[in-house]
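For reference, the structure is listed below as structure tokens.
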There are 2 protein chains.
Amino acid sequence: MAADRLSRVFGALADPTRRAILNRLTQGEATVAELAAPFRVSQPAISRHLKVLEDAGLISRSRRATARLSHLEAEPLREVTTWLARYQRFWDESHERLDDLLAALQAADEGGHIE
Amino acid sequence: MAADRLSRVFGALADPTRRAILNRLTQGEATVAELAAPFRVSQPAISRHLKVLEDAGLISRSRRATARLSHLEAEPLREVTTWLARYQRFWDESHERLDDLLAALQAADEGGHIE
């Protein structure tokens, strides 16, 4: 993924309303009115959020009669996850250190009871 | 992770310089001067990026003599990956559809050659 595409995807995800819209779209496509319903924001504000999501490739939009439907596009989220995977060994390492500590504490504790 | 923490992490990742700084820190802790070296930006600009990364919990900072060292903190990236995992079935589905299509094409192709 090009650097600017990755920045657009991360930027689109950096807003709780936009993340909630994506979550709603996991249940199926929806109109702007349907997407605006759970929020205390206007339909124009939701439309601006949808534009950001569309520019990031996270949704596609189609027309059905007079309604404009949004549809989740998950591929950029797979690409972001691939980008994050390179850091996995760093959080694994910190978990391993914690596991080692817990194992050492448990061994010491068992030692105190058994021996 | 609280919604605003998640927004801060995604916002911090929405910049190619900040992502490059994180990538550099996978090699070990670094001073501001070391982090600024590969970029055509001033040290104050790098310091502002480091502040954003620190506020998101993606780096920690410590002093050694007069130098201020930045250290990668990968835990928020694990949390972001956990958040992304809920969308996995949506990109898996689109990959499965592609796999089905390829399998069908291959079967048709093999059918043409063998029978």
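Residues are named by chain letter and number: chains run A, B, ... in the order of the structure tokens, numbers start at 1 in each chain, and ligands are numbered from 1 in the order shown.
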| request: For B:Ser7, list every protein, DNA or RNA residue within 7 Å, evaluated using only C-alpha atoms, and leave out those in the same chain fewer than 6 positions away; present the list as a ChimeraX atom specification. | output: /A:14-16
| request: For chain B, list the residues within 12 Å of chain A, counting only C-alpha atoms, and write the list as a VMD selection string. | output: chain B and resid 2 to 20 22 to 28 56 58 71 to 95
| query | as a PyMOL selection string, which residues of chain B does DSSP assign to alpha helix (DSSP H)? | reply | chain B and resi 3-13+16-25+32-36+43-55+75-85+88-114
